[in-house]
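**Q** I am attaching a structure below and will ask some questions about it afterwards.
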Amino acid sequence: MRKWWVAWVALAVIVVGAGVVLVARSSPSDSPSARAARLSSELACPVCTGESVADSNASESRAIRLDIEQRIGKGQSDAQIRDAYVAIYGEHVLLTPSNGGLGVIAWGLPVLALVLGAGGIAFAIRRGSRTPRLAATAADVELVERERASHPDEAELA
Amino acid sequence: MTRHRIRWIALTVAFVLVAFGVVLAVQHRTEPSVPRLVQAHDPAPTFSLTSIAGKPVTSAALKGKTYVVNFWNSWCIPCRQEEPVLKSFYAAHHADADFAMVGIVRDDEPSPVRTYVAANAIGWPIAFDPQGRAGLGFGTTGQPETYVIGPSGVAACGSLGPVGAAELEAWLSVARSGGVCA
């Protein structure tokens with residue numbers, strides 16, 4: 001019993017450790033070039049359809065890429081830089097929805113769908129485990145009763 | 001599963017779908033015809049450019065005047081269609097002491113721009129915006145785009161797309177009087 005307990009703890013330690021390493025490795029770099037690249041990919045090219053500033057070669061996108069580097073050089077934060085472009089072009093310049101206003105719905109709907117889906121699956125499993133897969137019909141019951149009645153000795157043995 | 005429970009689930013799903021549709025409808029936006037800078041009547045951004053004649057074209061030199069900024073390209077057909085309107089407008093006002101007009105090339109090569117300007121005898125200063133900083137400041141999203149800046153430096157009127165003669169005259173008179181377009 002104790003060996004099983006130790007194995008479970010070891011497994012938990014491995015899972016948590018792997019998670020920590022994964023999170024630490026995937027945390028974004030704060031170097032100016034990495035920030036510029038990240039911000040460029042988060043902003044929509046204002047004159048294109050479905051292209052980010054990073055992917056577009058339109059004059060506006062080239063200007064924005066240059067401007068982002070200069071803003072980073074001046075010490076502006078990512079949020080300040082994003083806000084500057086929202087002020088110029090509007091909210092739709094952000095490729096990822098904001099954390100406020102209607103953006104909450106964009107973030108919240110998938111979570112809500114996941115929760116509802118998980119709830120639905122849990123409900124279905126619980127219901128399935130309680131309800132017998134096949135229920136005897138009246139005809140089945142009658143057939144069994146008839147057979148029992150015709151073989152009283154076997155019925156007693158059973 | 002009882003019929004009552006199925007009804008509730010169907011109602012919930014329908015409610016979520018309707019809510020999603022309402023959100024999409026609210027989010028849907030029509031293409032604006034007025035630049036954001038003009039909608040907000042924000043101060044016009046500063047710019048420091050060089051004309052095709054090699055002379056400086058700066059917002060500082062235009063301070064206190066009512067001036068028109070027109071973003072264009074020589075390859076842009078609507079810009080070419082708009083050009084006669086701009087030419088008549090400039091001819092009517094270029095002698096006014098409180099008036100100025102600047103054409104800023106958004107995304108074009110020097111050679112075709114020079115050829116076009118010479119061929120069409122364009123008289124107002126035409127400047128290049130090689131790094132797109134002026135376009136970024138104004139928040140341009142295409143061409144042509146026209147802005148009328150009032151004497152106080154505020155973006156009073158303007159439009160995305162070609163502008164008409166009557167419209168330009170009306171904008172100039174509103175901006176000159178210190179007003180802004182609705």
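Ordered as shown in the structure tokens, chains take letters A, B, and onward, while each chain numbers its residues from 1 and ligands are numbered from 1 in the order shown.
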As a ChimeraX atom specification, please: all residues of chain A that backbone DSSP puts in helix (DSSP H, G or I).
**A** /A:2-26,32-42,59-73,78-89,91-93,103-130,138-150,152-157
**Q** Near Ser56 of chain A, counting only C-alpha atoms, which residues have an atom at most 10 Å away, once you skip same-chain residues fewer than 4 positions from it, shown as an NGL selection string?
**A** :A and (40-41 or 44-52 or 60-62)
**Q** Within 10 Å of chain B, which residues of chain A show up when using only C-alpha atoms, listed as a list in words?
**A**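 Listing them in order of chain and number gives Cys45, Pro46, Val47, Cys48, Ala58, Ser59, Glu60, Ser61, Arg62, Ala63, Ile64, Leu66, Asp67, Tyr85, Ala87, Ile88, Tyr89, Gly90, His92, Leu102, Ile105, Ala106, Leu109, Leu112, Ala113, Gly120, Ala124 and Arg127 of chain A.
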**Q** Restricting the output to N, CA and C atoms, write the selected residues as a PDB file, in the first residue's frame.
**A**
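Final output, saved to again-v3.pdb:
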ATOM      1  N   CYS A  45      -2.299  44.664 -39.972  1.00  0.00           N
ATOM      2  CA  CYS A  45      -1.926  45.655 -40.988  1.00  0.00           C
ATOM      3  C   CYS A  45      -3.174  46.486 -41.287  1.00  0.00           C
ATOM      4  N   PRO A  46      -3.101  47.821 -41.136  1.00  0.00           N
ATOM      5  CA  PRO A  46      -4.322  48.628 -41.267  1.00  0.00           C
ATOM      6  C   PRO A  46      -4.878  48.725 -42.682  1.00  0.00           C
ATOM      7  N   VAL A  47      -4.087  48.351 -43.692  1.00  0.00           N
ATOM      8  CA  VAL A  47      -4.582  48.477 -45.070  1.00  0.00           C
ATOM      9  C   VAL A  47      -4.721  47.106 -45.748  1.00  0.00           C
ATOM     10  N   CYS A  48      -4.505  46.032 -44.986  1.00  0.00           N
ATOM     11  CA  CYS A  48      -4.585  44.689 -45.584  1.00  0.00           C
ATOM     12  C   CYS A  48      -5.817  43.956 -45.030  1.00  0.00           C
ATOM     13  N   ALA A  58       3.121  46.293 -46.729  1.00  0.00           N
ATOM     14  CA  ALA A  58       2.500  47.584 -47.057  1.00  0.00           C
ATOM     15  C   ALA A  58       3.269  48.710 -46.368  1.00  0.00           C
ATOM     16  N   SER A  59       3.200  49.895 -46.965  1.00  0.00           N
ATOM     17  CA  SER A  59       3.984  51.013 -46.420  1.00  0.00           C
ATOM     18  C   SER A  59       3.597  51.301 -44.971  1.00  0.00           C
ATOM     19  N   GLU A  60       2.277  51.165 -44.659  1.00  0.00           N
ATOM     20  CA  GLU A  60       1.826  51.406 -43.280  1.00  0.00           C
ATOM     21  C   GLU A  60       2.476  50.406 -42.318  1.00  0.00           C
ATOM     22  N   SER A  61       2.549  49.154 -42.750  1.00  0.00           N
ATOM     23  CA  SER A  61       3.123  48.123 -41.880  1.00  0.00           C
ATOM     24  C   SER A  61       4.620  48.362 -41.680  1.00  0.00           C
ATOM     25  N   ARG A  62       5.290  48.767 -42.751  1.00  0.00           N
ATOM     26  CA  ARG A  62       6.726  49.065 -42.619  1.00  0.00           C
ATOM     27  C   ARG A  62       6.922  50.216 -41.641  1.00  0.00           C
ATOM     28  N   ALA A  63       6.052  51.234 -41.773  1.00  0.00           N
ATOM     29  CA  ALA A  63       6.151  52.389 -40.874  1.00  0.00           C
ATOM     30  C   ALA A  63       5.869  51.987 -39.430  1.00  0.00           C
ATOM     31  N   ILE A  64       4.890  51.112 -39.240  1.00  0.00           N
ATOM     32  CA  ILE A  64       4.537  50.686 -37.876  1.00  0.00           C
ATOM     33  C   ILE A  64       5.692  49.875 -37.273  1.00  0.00           C
ATOM     34  N   LEU A  66       8.823  50.107 -37.886  1.00  0.00           N
ATOM     35  CA  LEU A  66       9.883  51.063 -37.528  1.00  0.00           C
ATOM     36  C   LEU A  66       9.495  51.836 -36.272  1.00  0.00           C
ATOM     37  N   ASP A  67       8.241  52.241 -36.234  1.00  0.00           N
ATOM     38  CA  ASP A  67       7.736  53.031 -35.110  1.00  0.00           C
ATOM     39  C   ASP A  67       7.760  52.211 -33.811  1.00  0.00           C
ATOM     40  N   TYR A  85      -1.512  52.554 -31.066  1.00  0.00           N
ATOM     41  CA  TYR A  85      -2.068  52.158 -32.366  1.00  0.00           C
ATOM     42  C   TYR A  85      -3.592  52.057 -32.325  1.00  0.00           C
ATOM     43  N   ALA A  87      -5.361  54.086 -30.622  1.00  0.00           N
ATOM     44  CA  ALA A  87      -5.775  55.491 -30.725  1.00  0.00           C
ATOM     45  C   ALA A  87      -5.743  55.957 -32.177  1.00  0.00           C
ATOM     46  N   ILE A  88      -4.790  55.443 -32.963  1.00  0.00           N
ATOM     47  CA  ILE A  88      -4.672  55.880 -34.363  1.00  0.00           C
ATOM     48  C   ILE A  88      -5.686  55.155 -35.258  1.00  0.00           C
ATOM     49  N   TYR A  89      -5.761  53.835 -35.117  1.00  0.00           N
ATOM     50  CA  TYR A  89      -6.539  53.038 -36.071  1.00  0.00           C
ATOM     51  C   TYR A  89      -7.834  52.448 -35.499  1.00  0.00           C
ATOM     52  N   GLY A  90      -7.955  52.435 -34.179  1.00  0.00           N
ATOM     53  CA  GLY A  90      -9.142  51.816 -33.578  1.00  0.00           C
ATOM     54  C   GLY A  90      -8.833  50.421 -33.050  1.00  0.00           C
ATOM     55  N   HIS A  92      -9.855  47.551 -33.853  1.00  0.00           N
ATOM     56  CA  HIS A  92      -9.679  46.429 -34.781  1.00  0.00           C
ATOM     57  C   HIS A  92      -8.233  46.249 -35.240  1.00  0.00           C
ATOM     58  N   LEU A 102     -16.127  44.094 -25.071  1.00  0.00           N
ATOM     59  CA  LEU A 102     -16.610  42.938 -25.824  1.00  0.00           C
ATOM     60  C   LEU A 102     -15.547  41.861 -25.965  1.00  0.00           C
ATOM     61  N   ILE A 105     -16.067  38.702 -24.076  1.00  0.00           N
ATOM     62  CA  ILE A 105     -16.935  37.671 -24.663  1.00  0.00           C
ATOM     63  C   ILE A 105     -16.112  36.742 -25.555  1.00  0.00           C
ATOM     64  N   ALA A 106     -15.200  37.340 -26.321  1.00  0.00           N
ATOM     65  CA  ALA A 106     -14.363  36.520 -27.206  1.00  0.00           C
ATOM     66  C   ALA A 106     -13.516  35.539 -26.404  1.00  0.00           C
ATOM     67  N   LEU A 109     -16.335  33.027 -24.267  1.00  0.00           N
ATOM     68  CA  LEU A 109     -17.199  32.049 -24.942  1.00  0.00           C
ATOM     69  C   LEU A 109     -16.569  30.659 -25.072  1.00  0.00           C
ATOM     70  N   LEU A 112     -16.698  29.067 -21.707  1.00  0.00           N
ATOM     71  CA  LEU A 112     -18.075  28.688 -21.390  1.00  0.00           C
ATOM     72  C   LEU A 112     -18.463  27.412 -22.145  1.00  0.00           C
ATOM     73  N   ALA A 113     -18.065  27.354 -23.428  1.00  0.00           N
ATOM     74  CA  ALA A 113     -18.375  26.165 -24.239  1.00  0.00           C
ATOM     75  C   ALA A 113     -17.694  24.928 -23.657  1.00  0.00           C
ATOM     76  N   GLY A 120     -21.895  18.544 -19.720  1.00  0.00           N
ATOM     77  CA  GLY A 120     -22.766  17.650 -20.486  1.00  0.00           C
ATOM     78  C   GLY A 120     -22.242  16.226 -20.500  1.00  0.00           C
ATOM     79  N   ALA A 124     -23.956  12.979 -18.840  1.00  0.00           N
ATOM     80  CA  ALA A 124     -24.297  11.796 -19.636  1.00  0.00           C
ATOM     81  C   ALA A 124     -23.695  10.534 -19.022  1.00  0.00           C
ATOM     82  N   ARG A 127     -25.573   9.623 -15.804  1.00  0.00           N
ATOM     83  CA  ARG A 127     -26.899   9.092 -16.118  1.00  0.00           C
ATOM     84  C   ARG A 127     -26.790   7.679 -16.689  1.00  0.00           C
TER      85      ARG A 127
END
**Q** So that I can see what lies close to Val57 of chain B, please list as a list in words the residues with an atom at most 8 Å from it, counting only C-alpha atoms and leaving out residues fewer than 6 positions away in the same chain.
**A**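 Near Val57 of chain B, the qualifying residues are Phe47, Ser48, Leu49, Thr50, Ser51, Pro125 and Ala127 of chain B.
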**Q** Distance atom CA of Pro28 of chain A-atom CA of Ala79 of chain A, one decimal place?
**A**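 Separation of atom CA of Pro28 of chain A and atom CA of Ala79 of chain A: 14.8 Å.
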**Q** Report as a list in words all protein, DNA and RNA residues lying within 12 Å of Cys76 of chain B, evaluated on only C-alpha atoms, omitting residues in the same chain fewer than 6 positions from it.
**A**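 Final neighbour list, sorted by chain and number: Glu82, Glu83, Val105, Arg106, Asp107, Asp108, Pro112, Val113, Tyr116, Gly142, Gln143, Pro144, Glu145, Gly161 and Pro162 of chain B.
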**Q** So, with only C-alpha atoms as the atoms that count, which of B:Leu160, B:Ala19, B:Val154, B:Ala166 lies closest to Gly178 of chain B?
**A** B:Val154
**Q** Would you mind listing what lies within 9 Å of segment 88-91 of chain B as a JSON list (two decimals) with N, CA and C atoms, in the first residue's frame, with only C-alpha atoms counted and same-chain residues fewer than 3 positions away left out?
**A**
[["chain", "number", "residue", "atom", "x", "y", "z"],
["B", 83, "GLU", "N", -7.64, 64.43, -59.14],
["B", 83, "GLU", "CA", -6.63, 65.46, -59.38],
["B", 83, "GLU", "C", -7.18, 66.75, -60.03],
["B", 84, "PRO", "N", -8.10, 66.69, -61.04],
["B", 84, "PRO", "CA", -8.64, 67.94, -61.61],
["B", 84, "PRO", "C", -9.37, 68.79, -60.56],
["B", 85, "VAL", "N", -10.06, 68.13, -59.63],
["B", 85, "VAL", "CA", -10.77, 68.86, -58.56],
["B", 85, "VAL", "C", -9.75, 69.61, -57.69],
["B", 94, "HIS", "N", -4.73, 79.41, -54.00],
["B", 94, "HIS", "CA", -3.28, 79.40, -53.70],
["B", 94, "HIS", "C", -2.74, 80.78, -53.35],
["B", 95, "ALA", "N", -3.45, 81.82, -53.80],
["B", 95, "ALA", "CA", -2.97, 83.18, -53.50],
["B", 95, "ALA", "C", -3.42, 83.66, -52.12],
["B", 100, "ALA", "N", -2.81, 76.91, -47.50],
["B", 100, "ALA", "CA", -1.71, 76.11, -48.05],
["B", 100, "ALA", "C", -2.25, 74.73, -48.40],
["B", 101, "MET", "N", -1.54, 74.06, -49.29],
["B", 101, "MET", "CA", -1.96, 72.71, -49.68],
["B", 101, "MET", "C", -0.71, 71.87, -49.92],
["B", 123, "GLY", "N", 0.74, 72.23, -59.16],
["B", 123, "GLY", "CA", 1.45, 73.38, -58.62],
["B", 123, "GLY", "C", 1.71, 73.32, -57.13],
["B", 124, "TRP", "N", 0.96, 72.55, -56.38],
["B", 124, "TRP", "CA", 1.15, 72.52, -54.93],
["B", 124, "TRP", "C", 2.32, 71.60, -54.57],
["B", 165, "ALA", "N", -15.47, 68.93, -55.48],
["B", 165, "ALA", "CA", -15.13, 70.36, -55.43],
["B", 165, "ALA", "C", -15.97, 71.10, -54.38],
["B", 168, "LEU", "N", -14.89, 70.23, -50.84],
["B", 168, "LEU", "CA", -13.62, 70.87, -50.45],
["B", 168, "LEU", "C", -13.85, 72.33, -50.07],
["B", 169, "GLU", "N", -14.65, 73.02, -50.88],
["B", 169, "GLU", "CA", -14.93, 74.44, -50.60],
["B", 169, "GLU", "C", -15.63, 74.59, -49.25]]
**Q** Can you tell me which residues surround Val34 of chain B at a distance of at most 7 Å, considering only C-alpha atoms, apart from same-chain residues fewer than 4 positions away, and format the answer as a ChimeraX atom specification?
**A** /B:38-39,158-160
**Q** Please determine, counting only C-alpha atoms, which residue among B:Ile104, B:Ile122, B:Ala10, B:Val18 has the shortest atom-to-atom distance to Thr58 of chain B.
**A**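 Counting only C-alpha atoms, the residue closest to Thr58 of chain B is B:Ile104.
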**Q** Could you tell me how far atom CA of Arg71 of chain A lies from atom CA of Val93 of chain A, in Å and to one decimal?
**A**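 Between atom CA of Arg71 of chain A and atom CA of Val93 of chain A the gap works out to 17.2 Å.
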**Q** Extract, using only C-alpha atoms, all DNA, RNA and protein residues at most 10 Å from Val68 of chain B, discarding same-chain residues fewer than 2 positions from it, and format them as a list of chain:residue names.
**A**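 My reading of the contact set: B:Lys65, B:Thr66, B:Asn70, B:Phe71, B:Leu86, B:Tyr90, B:Phe99, B:Ala100, B:Met101, B:Val102, B:Gly103, B:Thr146, B:Tyr147, B:Val148, B:Ile149, B:Gly150, B:Ala155, B:Cys157, B:Gly158, B:Leu168, B:Trp171, B:Leu172.
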